[in-house]
Amino acid sequence: MSVVNQPQRSGERAPDDSGRATAEFEPRITAFVCNWCTYTGADLAGTSRLHMASNVRIIRLPCTGRIDHVFIVKAFERGADGVIVSGCHPADCHYTAGNYHARRRFGVFRELLSFLGVDPERLTFSWVSASEGGKWADVVNETIERVRRLGPFDSYHGLAGAATPADDPFARFEMPAGATGGTAAAPADGHDAASQAPSGTGDAS
Amino acid sequence: MSELQDTARRLLDEGLVQVVIGWEEGPRGARPVFVTSAADCERLIFDARCVHNLATFLNPRRSQITALGKAAVVVKGCDAKAVAGLLREAQLERAGIVLIGVRCGGVAGEPATLAPPALSAETVSARCWGCDVREPESVDMLVGEAQPEPPVTADLDERVAALDALSPAERFAFWTKELSRCTQCYACRQACPLCCCERCIVEKTEPQWIETSPHPRGNFAWHLTRAQHLAGRCVGCGECERACPVGIPLGLINRKLQQVVYELYGYTVSEDPAVPAPIGAYATDDTQDFIE
Amino acid sequence: MSERALLLTHDGLATLVEELAAAGTPAVAPAWAGDAGRAAGASAAARETEYRTVSGAAELAFGERLPRLSLKQFFLPPTEVLFSWRRVGGGVELIPPPTDFAAQVVLGARPCDAAALPIVDKVMNWDYADELWNARRAATTVFSLACGVEDDSCFCSAVFLEPAAARGSDGRLTPVDGGYLVETFSDKGEAFVAAHRESFTDLPAGAGGEVLAVQAESFRATARERVAGNLAVDHGRLRDWLDHHFDDPFWAGLGPRCNGCGVCASVCPTCHCFDIVDEPESVGRGVRRRNWDTCQTCVFTLHASGHNPRQDQNARFRQRVEHKFLVYPLKFGDVLCTGCGRCSRACPTGQDLAEILADIDARAAIDAGAGAVGDEGAADEAAS
Ligand code: SF4
Ligand code: SF4
Ligand code: SF4
Ligand code: SF4
Ligand code: SF4
């Protein structure tokens, strides 16, 4: 994997991230793109100097077929607020069918994420060809606007608790309340858990 | 039951198999048994407590079982679907096993009772709802009397629908609370007939794809992965949820994905190994409403 | 310890729980796992209980079903931070976890859960004193509740305990009319009672008090008698048999059924193995954690070379039995099992420890020439 589009702001985030919930919230987006189409398209967008927000870190892979769902999970785990997965249009795959396989898997995974409560609005799937620099800029800008409206996704990173020495080394030293034992609660019981969900620092870079 | 026992005895006597994997009466109810001598065939039983999916024991990497020799395995229709899954994925050779099908009238949720319970909407296993393979066809022989339809319970679908009706934030809170109990013991994986990978992704440490610490973040990664890997493969036997020591409602996730693969790709899990699984196959005109 | 027993009435218990909650002292007790359990006529599944921090008497499930997980999670949590680290300049700074745990009390521990604590203390203080375990132990006062015996899978009396064993408890409650007879066994227990004296009442003087004492003893005697029938083994010959039958075909009869899932270890009060992992939290910082682990999984003994000394489940299940009934006793003088029966209840495939121990004991009896033990069924079992 290679990383391009280094963000213009500092890689290290200030320890106090509280500003992320306010108006100046700048979403962090991770994009997994295929080498042959979208990556080249993104490059074109860059060289064409299209206006595009700089919040996206691109991770280049050979094919959408190589983009495993755990990449998306990892991105959220490390503090991404949104994820873009993009590759060649149907019938254009460099490897013939990688994008068809990806389409099936992500069709299911998107539903799965949603069922577990990750808002599918945080995810963008797109087909962007090597010549569609303009489309890439649109995909990026639209995704950022959508995620900006949803706010930070620190709650995912923070599921492990704030074990970050800089601010609060052991705020969550124990398991969260109700973390052990017991049987399944019916869905109706679960709604109050929002307040119990640990609120993380969302600190990742 | 004598028909089951006689069949097993004949298979062992004639040397067609060296072990029959079935159920017996254990100290706390029905449990799996590995019968290697004709004389022991009288231990075999089949009743509503025979909940275990014995296809799990066909995992070719369980060397303590393959060491016993060629196996005949007693299967309910739903277990036969799991066997079909193993055949579909080239984990087994059809000629390498003998399948003794049993006519099934439904099983209970729980095998640990001293007598078979009367099946009711409360006691019947969620897997039995809408079952279309109570007399499996992919087997080598079918034993037992014809059985009545099991009682109807749509409980699982209702609970899935109740979750679907919530907002993502509410579902996130629900699962955060549920998954916070998970200890990442992987008993759900071990109980699953289709989780038979030589090396599970959770055991890959370079890089560590799944955080193995059982805090909710690690648990989300584990459960998203377990579920995704079983999408279109899970036969809905419920063994994962039954094995879980802390009662994580895995059946909700499995059922949801069964619905998803049906809605998106028209797939229902099949007893026929020739029917391709939805993930791993594709159609050029698959839905792509979700793709920009 | 206590010269005279006290009484904890049901109201007294309620006051005590509320008082502890108000004072912010965590009170861990068996409690209903769901709201449904309390309802009359609730199904067996709804009547599940768990140990958790309670804040009111309505949550308590004293004398109900055995909590599915043991008490060990309050001393060895499923995951805990060993230290955090961060990069500072050219070096790495390690930040140890705090070990100044606030005082907590366990009310109504099963005697088999309480007894596991001093047993596990031994390995936790063998070549290395485990600060986290020890600090939690020191911060916790344990009151057990005399047990009426859960079911036929219990066998505490076969492992040197009994349903009202005092081992590991700072005090004990025994059900009597109107509440619980209270005894204390340690300074900690005594101090707890003294600090909450108003929740406890004196036993009525004279005959009234004696009636309660007799009730308590009869409750304990009934339980003792009930569990004694479940299992009896001779540990000396059992150890001897285990020591000389490492390669016995017996083990090949146990492995096939086992899923290698380790549910038996998760629920066990004495299993204490853990895995150590490093988790990055961000660039330049992270945590080291320890997480529950179990010898029943296939990767537990997998070497980096690819060699696995415990090749199959036969060997792994043998390890479970040998560690508990041979190795630990030889090393630490204690059987690593309190007979709670949780492993047998929770095993998804019906592996039954009491049955296995009886089987081994029968073989050991034959080996020891102690005369015929009329259990031929047991011998058949292993052959199949
Ligand atoms: S995931 Fe669960 S329900 Fe599905 S096949 Fe595996 S054990 Fe059965
Ligand atoms: S979770 Fe995935 S990788 Fe692990 S055993 Fe199951 S299918 Fe295989
Ligand atoms: S869901 Fe249950 S069985 Fe699966 S890993 Fe978690 S605790 Fe274990
Ligand atoms: S004995 Fe039972 S609970 Fe233990 S590892 Fe084997 S199958 Fe799992
Ligand atoms: S080995 Fe089984 S019976 Fe013994 S303490 Fe552990 S769970 Fe209880």
# chains A, B, ... in the order shown; residues from 1 in each chain; ligands from 1
>>> interface_residues(of="chain B", to="chain A", cutoff="6 Å", atoms="only C-alpha atoms", output="VMD selection string")
chain B and resid 168 to 174 180 to 181 215 to 217 246 to 249 291 to 292
>>> write_last_selection(atoms="C-alpha atoms", output="PDB file, in the first residue's frame")
ATOM      1  CA  PRO B 168     -28.281   3.708  13.594  1.00  0.00           C
ATOM      2  CA  ALA B 169     -27.309   5.443  16.847  1.00  0.00           C
ATOM      3  CA  GLU B 170     -29.791   3.317  18.784  1.00  0.00           C
ATOM      4  CA  ARG B 171     -28.542   0.152  17.134  1.00  0.00           C
ATOM      5  CA  PHE B 172     -24.968   1.178  17.891  1.00  0.00           C
ATOM      6  CA  ALA B 173     -25.903   1.616  21.539  1.00  0.00           C
ATOM      7  CA  PHE B 174     -27.699  -1.731  21.582  1.00  0.00           C
ATOM      8  CA  SER B 180     -19.359  -5.424  25.753  1.00  0.00           C
ATOM      9  CA  ARG B 181     -20.006  -8.806  27.385  1.00  0.00           C
ATOM     10  CA  HIS B 215     -13.279  -4.344  24.790  1.00  0.00           C
ATOM     11  CA  PRO B 216     -16.227  -3.295  22.661  1.00  0.00           C
ATOM     12  CA  ARG B 217     -13.978  -1.987  19.867  1.00  0.00           C
ATOM     13  CA  VAL B 246     -22.233 -14.863  27.873  1.00  0.00           C
ATOM     14  CA  GLY B 247     -25.372 -14.971  25.745  1.00  0.00           C
ATOM     15  CA  ILE B 248     -24.482 -12.673  22.841  1.00  0.00           C
ATOM     16  CA  PRO B 249     -27.506 -12.738  20.490  1.00  0.00           C
ATOM     17  CA  ILE B 291     -22.549   2.801  -5.413  1.00  0.00           C
ATOM     18  CA  GLU B 292     -22.071   6.348  -6.653  1.00  0.00           C
TER      19      GLU B 292
END
>>> select_by_dssp(residues="range 112-270 of chain C", states="strand (DSSP E)", output="list in words")
Thr140, Thr141, Val142, Phe143, Ser144, Leu145, Gly171, Arg172, Leu173, Thr174, Pro175, Val176, Gly179, Tyr180, Leu181, Val182, Glu183, Thr184, Thr201 and Asp202 of chain C
>>> write_last_selection(atoms="N, CA, C and O atoms", output="PDB file, in the first residue's frame")
ATOM      1  N   THR C 140     -10.859  -6.344  48.398  1.00  0.00           N
ATOM      2  CA  THR C 140     -12.184  -6.974  48.371  1.00  0.00           C
ATOM      3  C   THR C 140     -12.461  -7.794  49.623  1.00  0.00           C
ATOM      4  O   THR C 140     -11.607  -8.568  50.069  1.00  0.00           O
ATOM      5  N   THR C 141     -13.629  -7.610  50.174  1.00  0.00           N
ATOM      6  CA  THR C 141     -14.102  -8.434  51.285  1.00  0.00           C
ATOM      7  C   THR C 141     -15.169  -9.366  50.729  1.00  0.00           C
ATOM      8  O   THR C 141     -16.055  -8.919  49.999  1.00  0.00           O
ATOM      9  N   VAL C 142     -15.033 -10.651  51.028  1.00  0.00           N
ATOM     10  CA  VAL C 142     -15.942 -11.627  50.424  1.00  0.00           C
ATOM     11  C   VAL C 142     -16.834 -12.284  51.483  1.00  0.00           C
ATOM     12  O   VAL C 142     -16.333 -12.936  52.410  1.00  0.00           O
ATOM     13  N   PHE C 143     -18.127 -12.089  51.339  1.00  0.00           N
ATOM     14  CA  PHE C 143     -19.096 -12.836  52.152  1.00  0.00           C
ATOM     15  C   PHE C 143     -19.749 -13.871  51.262  1.00  0.00           C
ATOM     16  O   PHE C 143     -20.341 -13.530  50.241  1.00  0.00           O
ATOM     17  N   SER C 144     -19.623 -15.122  51.622  1.00  0.00           N
ATOM     18  CA  SER C 144     -20.271 -16.146  50.809  1.00  0.00           C
ATOM     19  C   SER C 144     -21.660 -16.442  51.369  1.00  0.00           C
ATOM     20  O   SER C 144     -22.014 -16.011  52.467  1.00  0.00           O
ATOM     21  N   LEU C 145     -22.417 -17.136  50.563  1.00  0.00           N
ATOM     22  CA  LEU C 145     -23.770 -17.533  50.951  1.00  0.00           C
ATOM     23  C   LEU C 145     -23.804 -19.055  50.908  1.00  0.00           C
ATOM     24  O   LEU C 145     -23.543 -19.651  49.847  1.00  0.00           O
ATOM     25  N   GLY C 171     -16.477 -13.966  55.490  1.00  0.00           N
ATOM     26  CA  GLY C 171     -17.653 -14.202  56.305  1.00  0.00           C
ATOM     27  C   GLY C 171     -18.634 -15.029  55.510  1.00  0.00           C
ATOM     28  O   GLY C 171     -18.444 -15.253  54.315  1.00  0.00           O
ATOM     29  N   ARG C 172     -19.659 -15.510  56.198  1.00  0.00           N
ATOM     30  CA  ARG C 172     -20.605 -16.402  55.521  1.00  0.00           C
ATOM     31  C   ARG C 172     -22.023 -16.100  55.970  1.00  0.00           C
ATOM     32  O   ARG C 172     -22.267 -15.843  57.157  1.00  0.00           O
ATOM     33  N   LEU C 173     -22.934 -16.139  55.033  1.00  0.00           N
ATOM     34  CA  LEU C 173     -24.353 -16.026  55.335  1.00  0.00           C
ATOM     35  C   LEU C 173     -24.977 -17.402  55.142  1.00  0.00           C
ATOM     36  O   LEU C 173     -24.651 -18.090  54.186  1.00  0.00           O
ATOM     37  N   THR C 174     -25.848 -17.791  56.053  1.00  0.00           N
ATOM     38  CA  THR C 174     -26.585 -19.048  55.872  1.00  0.00           C
ATOM     39  C   THR C 174     -28.067 -18.731  55.992  1.00  0.00           C
ATOM     40  O   THR C 174     -28.481 -18.069  56.955  1.00  0.00           O
ATOM     41  N   PRO C 175     -28.856 -19.165  55.016  1.00  0.00           N
ATOM     42  CA  PRO C 175     -30.287 -18.827  55.052  1.00  0.00           C
ATOM     43  C   PRO C 175     -30.981 -19.426  56.289  1.00  0.00           C
ATOM     44  O   PRO C 175     -30.789 -20.607  56.596  1.00  0.00           O
ATOM     45  N   VAL C 176     -31.736 -18.573  56.967  1.00  0.00           N
ATOM     46  CA  VAL C 176     -32.600 -19.035  58.073  1.00  0.00           C
ATOM     47  C   VAL C 176     -33.916 -18.256  57.941  1.00  0.00           C
ATOM     48  O   VAL C 176     -34.005 -17.359  57.114  1.00  0.00           O
ATOM     49  N   GLY C 179     -34.113 -14.322  57.218  1.00  0.00           N
ATOM     50  CA  GLY C 179     -32.880 -13.704  56.723  1.00  0.00           C
ATOM     51  C   GLY C 179     -31.720 -14.670  56.711  1.00  0.00           C
ATOM     52  O   GLY C 179     -31.884 -15.835  56.326  1.00  0.00           O
ATOM     53  N   TYR C 180     -30.566 -14.196  57.165  1.00  0.00           N
ATOM     54  CA  TYR C 180     -29.346 -15.001  57.094  1.00  0.00           C
ATOM     55  C   TYR C 180     -28.597 -14.938  58.406  1.00  0.00           C
ATOM     56  O   TYR C 180     -28.445 -13.866  58.995  1.00  0.00           O
ATOM     57  N   LEU C 181     -28.116 -16.097  58.819  1.00  0.00           N
ATOM     58  CA  LEU C 181     -27.216 -16.150  59.964  1.00  0.00           C
ATOM     59  C   LEU C 181     -25.838 -15.721  59.453  1.00  0.00           C
ATOM     60  O   LEU C 181     -25.396 -16.168  58.392  1.00  0.00           O
ATOM     61  N   VAL C 182     -25.173 -14.834  60.181  1.00  0.00           N
ATOM     62  CA  VAL C 182     -23.891 -14.287  59.715  1.00  0.00           C
ATOM     63  C   VAL C 182     -22.750 -14.746  60.613  1.00  0.00           C
ATOM     64  O   VAL C 182     -22.841 -14.633  61.832  1.00  0.00           O
ATOM     65  N   GLU C 183     -21.704 -15.280  60.001  1.00  0.00           N
ATOM     66  CA  GLU C 183     -20.484 -15.587  60.747  1.00  0.00           C
ATOM     67  C   GLU C 183     -19.335 -14.882  60.054  1.00  0.00           C
ATOM     68  O   GLU C 183     -19.379 -14.697  58.841  1.00  0.00           O
ATOM     69  N   THR C 184     -18.321 -14.515  60.791  1.00  0.00           N
ATOM     70  CA  THR C 184     -17.143 -13.922  60.161  1.00  0.00           C
ATOM     71  C   THR C 184     -15.942 -14.810  60.418  1.00  0.00           C
ATOM     72  O   THR C 184     -15.841 -15.477  61.448  1.00  0.00           O
ATOM     73  N   THR C 201     -28.488  -7.579  63.039  1.00  0.00           N
ATOM     74  CA  THR C 201     -29.164  -7.636  64.334  1.00  0.00           C
ATOM     75  C   THR C 201     -28.553  -8.758  65.168  1.00  0.00           C
ATOM     76  O   THR C 201     -28.031  -9.719  64.614  1.00  0.00           O
ATOM     77  N   ASP C 202     -28.659  -8.610  66.478  1.00  0.00           N
ATOM     78  CA  ASP C 202     -28.202  -9.696  67.344  1.00  0.00           C
ATOM     79  C   ASP C 202     -29.167 -10.859  67.211  1.00  0.00           C
ATOM     80  O   ASP C 202     -30.364 -10.661  67.002  1.00  0.00           O
TER      81      ASP C 202
END
>>> residues_near_ligand(ligand="ligand 5", cutoff="6 Å", atoms="only C-alpha atoms and all ligand atoms", output="VMD selection string")
chain C and resid 264 267 to 270 337 to 343
>>> interface_residues(of="chain C", to="chain B", cutoff="8 Å", atoms="only C-alpha atoms", output="PyMOL selection string")
chain C and resi 68-69+78-79+252+255-257+259-263+266-267+277+279+289-293+312-314+345-350+352+355+384
>>> write_last_selection(atoms="C-alpha atoms", output="CSV table (one decimal), in the first residue's frame")
chain,number,residue,atom,x,y,z
C,68,ARG,CA,-23.1,-18.3,34.5
C,69,LEU,CA,-19.7,-16.7,34.9
C,78,PRO,CA,-11.5,-10.4,30.7
C,79,THR,CA,-9.2,-7.6,29.5
C,252,ALA,CA,-8.5,-40.3,22.5
C,255,GLY,CA,-10.9,-35.3,22.5
C,256,PRO,CA,-13.4,-35.9,19.6
C,257,ARG,CA,-16.4,-34.5,21.4
C,259,ASN,CA,-14.9,-28.3,20.3
C,260,GLY,CA,-11.7,-26.7,21.7
C,261,CYS,CA,-13.8,-23.7,22.5
C,262,GLY,CA,-12.6,-23.0,26.0
C,263,VAL,CA,-16.1,-22.2,27.3
C,266,SER,CA,-14.2,-19.0,30.6
C,267,VAL,CA,-16.8,-20.0,33.1
C,277,VAL,CA,-1.2,-8.2,23.5
C,279,GLU,CA,-2.4,-2.4,21.1
C,289,ARG,CA,-3.2,-5.6,27.9
C,290,ARG,CA,-3.8,-9.1,29.2
C,291,ASN,CA,-6.8,-11.0,28.0
C,292,TRP,CA,-8.4,-14.3,29.1
C,293,ASP,CA,-7.0,-17.2,27.3
C,312,ASP,CA,-4.8,-32.4,18.8
C,313,GLN,CA,-7.8,-32.0,21.1
C,314,ASN,CA,-7.0,-35.2,22.9
C,345,ARG,CA,-23.2,-27.0,32.5
C,346,ALA,CA,-21.8,-24.6,29.9
C,347,CYS,CA,-20.0,-27.1,27.6
C,348,PRO,CA,-21.8,-26.9,24.3
C,349,THR,CA,-21.0,-30.6,23.6
C,350,GLY,CA,-21.8,-32.2,26.9
C,352,ASP,CA,-18.8,-33.7,31.8
C,355,GLU,CA,-18.2,-38.2,34.8
C,384,SER,CA,-15.3,-46.0,21.9
>>> select_by_dssp(residues="range 39-175 of chain A", states="helix (DSSP H, G or I)", output="MDAnalysis selection string")
chainID A and resid 39:47 64:66 69:77 98:115 120:122 133:150 154:160
>>> write_last_selection(atoms="C-alpha atoms", output="compact mmCIF listing (two decimals), in the first residue's frame")
# COMPACT_ATOMS: atom_id res chain seq x y z
CA TYR A 39 -6.15 6.29 -8.09
CA THR A 40 -5.34 7.60 -11.53
CA GLY A 41 -8.57 9.57 -11.51
CA ALA A 42 -7.63 11.13 -8.19
CA ASP A 43 -4.23 11.98 -9.58
CA LEU A 44 -5.92 13.67 -12.52
CA ALA A 45 -8.12 15.65 -10.15
CA GLY A 46 -4.95 16.82 -8.43
CA THR A 47 -3.04 17.76 -11.57
CA THR A 64 -11.35 -3.16 -5.24
CA GLY A 65 -11.34 -6.94 -5.07
CA ARG A 66 -8.35 -6.60 -2.73
CA HIS A 69 -13.91 -5.25 4.88
CA VAL A 70 -11.42 -5.27 7.76
CA PHE A 71 -9.69 -2.28 6.12
CA ILE A 72 -12.85 -0.29 6.71
CA VAL A 73 -13.09 -1.54 10.27
CA LYS A 74 -9.44 -0.62 10.87
CA ALA A 75 -10.00 2.86 9.51
CA PHE A 76 -12.85 3.49 11.96
CA GLU A 77 -10.83 1.85 14.71
CA GLY A 98 -12.43 -7.96 -9.00
CA ASN A 99 -14.93 -5.14 -8.86
CA TYR A 100 -17.88 -7.52 -9.32
CA HIS A 101 -16.70 -9.54 -6.36
CA ALA A 102 -16.19 -6.38 -4.35
CA ARG A 103 -19.67 -5.17 -5.25
CA ARG A 104 -21.20 -8.33 -3.79
CA ARG A 105 -19.16 -8.22 -0.63
CA PHE A 106 -19.70 -4.56 0.03
CA GLY A 107 -23.40 -4.81 -0.71
CA VAL A 108 -23.58 -7.20 2.23
CA PHE A 109 -21.04 -5.45 4.42
CA ARG A 110 -22.77 -2.11 4.15
CA GLU A 111 -25.97 -3.70 5.48
CA LEU A 112 -24.05 -5.47 8.21
CA LEU A 113 -22.37 -2.28 9.38
CA SER A 114 -25.70 -0.53 9.37
CA PHE A 115 -27.30 -3.33 11.38
CA PRO A 120 -24.03 3.82 6.23
CA GLU A 121 -23.85 7.54 5.42
CA ARG A 122 -20.28 7.38 6.69
CA GLY A 133 -11.02 13.50 -12.13
CA GLY A 134 -14.09 15.67 -11.80
CA LYS A 135 -16.20 12.83 -10.48
CA TRP A 136 -13.55 12.03 -7.87
CA ALA A 137 -13.59 15.63 -6.66
CA ASP A 138 -17.38 15.42 -6.37
CA VAL A 139 -17.25 12.10 -4.50
CA VAL A 140 -14.76 13.55 -2.05
CA ASN A 141 -16.62 16.80 -1.51
CA GLU A 142 -19.99 15.12 -1.12
CA THR A 143 -18.62 12.55 1.30
CA ILE A 144 -17.02 15.23 3.42
CA GLU A 145 -20.21 17.24 3.55
CA ARG A 146 -22.25 14.19 4.52
CA VAL A 147 -19.82 13.15 7.24
CA ARG A 148 -19.53 16.71 8.47
CA ARG A 149 -23.28 16.73 9.03
CA LEU A 150 -23.05 13.43 10.94
CA ASP A 154 -15.02 9.21 17.95
CA SER A 155 -17.52 6.88 19.52
CA TYR A 156 -16.09 4.01 17.48
CA HIS A 157 -12.42 4.64 18.25
CA GLY A 158 -13.46 5.31 21.84
CA LEU A 159 -15.10 1.90 22.26
CA ALA A 160 -11.82 0.70 23.72
>>> residues_near_ligand(ligand="ligand 2", cutoff="7 Å", atoms="only C-alpha atoms and all ligand atoms", output="number ranges by chain")
B: 189, 194-197, 199-202, 225-226, 229-230
>>> atom_distance(atom1="atom 6 (Fe, counted along the ligand's line) of ligand 4", atom2="CA of Gln296 in chain C")
6.8 Å
>>> closest_residue(among="A:Arg60, A:His51, A:His89, A:Arg78", to="chain C", atoms="only C-alpha atoms")
A:Arg78
>>> atom_distance(atom1="CA of Pro273 in chain B", atom2="CA of Arg88 in chain B")
4.7 Å
>>> closest_residue(among="C:Leu302, C:Leu82, C:Ile366, C:Ile276", to="chain A", atoms="only C-alpha atoms")
C:Leu82
>>> interface_residues(of="chain C", to="chain A", cutoff="10 Å", atoms="only C-alpha atoms", output="count of residues only")
47
>>> residues_around(residues="range 16-21 of chain C", least_positions_apart="3", cutoff="7 Å", atoms="only C-alpha atoms", output="compact mmCIF listing (two decimals) with N, CA and C atoms, in the first residue's frame")
# COMPACT_ATOMS: atom_id res chain seq x y z
N GLY C 12 -32.54 -5.90 56.61
CA GLY C 12 -31.18 -5.49 56.92
C GLY C 12 -30.29 -5.57 55.68
N LEU C 13 -30.50 -6.61 54.92
CA LEU C 13 -29.71 -6.79 53.69
C LEU C 13 -30.02 -5.66 52.71
N GLY C 24 -20.93 4.65 47.75
CA GLY C 24 -20.07 4.44 46.58
C GLY C 24 -19.16 3.24 46.71
N THR C 25 -19.46 2.35 47.64
CA THR C 25 -18.68 1.11 47.76
C THR C 25 -19.32 0.05 46.87
N PRO C 26 -18.62 -0.40 45.83
CA PRO C 26 -19.23 -1.41 44.97
C PRO C 26 -19.58 -2.66 45.75
N ALA C 27 -20.83 -3.10 45.63
CA ALA C 27 -21.25 -4.35 46.24
C ALA C 27 -21.57 -5.32 45.12
N SER C 55 -27.24 -2.12 43.14
CA SER C 55 -27.52 -0.89 43.90
C SER C 55 -28.80 -1.00 44.71
N GLY C 56 -29.55 -2.09 44.54
CA GLY C 56 -30.76 -2.24 45.32
C GLY C 56 -31.08 -3.70 45.55
N ALA C 57 -31.82 -3.97 46.62
CA ALA C 57 -32.10 -5.35 47.00
C ALA C 57 -32.95 -6.07 45.95
N SER C 199 -26.94 -2.53 60.20
CA SER C 199 -27.72 -3.39 59.30
C SER C 199 -27.90 -4.80 59.87
>>> closest_residue(among="C:Ala265, C:Ala158, C:Ala223, C:Ala22", to="ligand 3", atoms="only C-alpha atoms and all ligand atoms")
C:Ala265
>>> decode(residues="range 188-204 of chain B", atoms="C-alpha atoms", output="mmCIF file, in the first residue's frame")
data_model
loop_
_atom_site.group_PDB
_atom_site.id
_atom_site.type_symbol
_atom_site.label_atom_id
_atom_site.label_comp_id
_atom_site.auth_asym_id
_atom_site.auth_seq_id
_atom_site.Cartn_x
_atom_site.Cartn_y
_atom_site.Cartn_z
ATOM 1 C CA CYS B 188 -19.007 -19.256 18.563
ATOM 2 C CA ARG B 189 -16.399 -19.947 15.913
ATOM 3 C CA GLN B 190 -15.492 -23.346 17.311
ATOM 4 C CA ALA B 191 -19.124 -24.416 17.372
ATOM 5 C CA CYS B 192 -19.754 -23.323 13.802
ATOM 6 C CA PRO B 193 -19.572 -25.973 11.098
ATOM 7 C CA LEU B 194 -18.525 -23.377 8.505
ATOM 8 C CA CYS B 195 -15.872 -21.601 10.590
ATOM 9 C CA CYS B 196 -13.361 -24.252 9.681
ATOM 10 C CA CYS B 197 -10.441 -22.132 8.469
ATOM 11 C CA GLU B 198 -6.996 -23.530 8.976
ATOM 12 C CA ARG B 199 -6.060 -20.251 10.541
ATOM 13 C CA CYS B 200 -8.779 -17.820 11.501
ATOM 14 C CA ILE B 201 -8.140 -14.181 10.670
ATOM 15 C CA VAL B 202 -8.405 -13.366 14.372
ATOM 16 C CA GLU B 203 -5.252 -15.372 14.927
ATOM 17 C CA LYS B 204 -3.251 -13.397 12.384
#
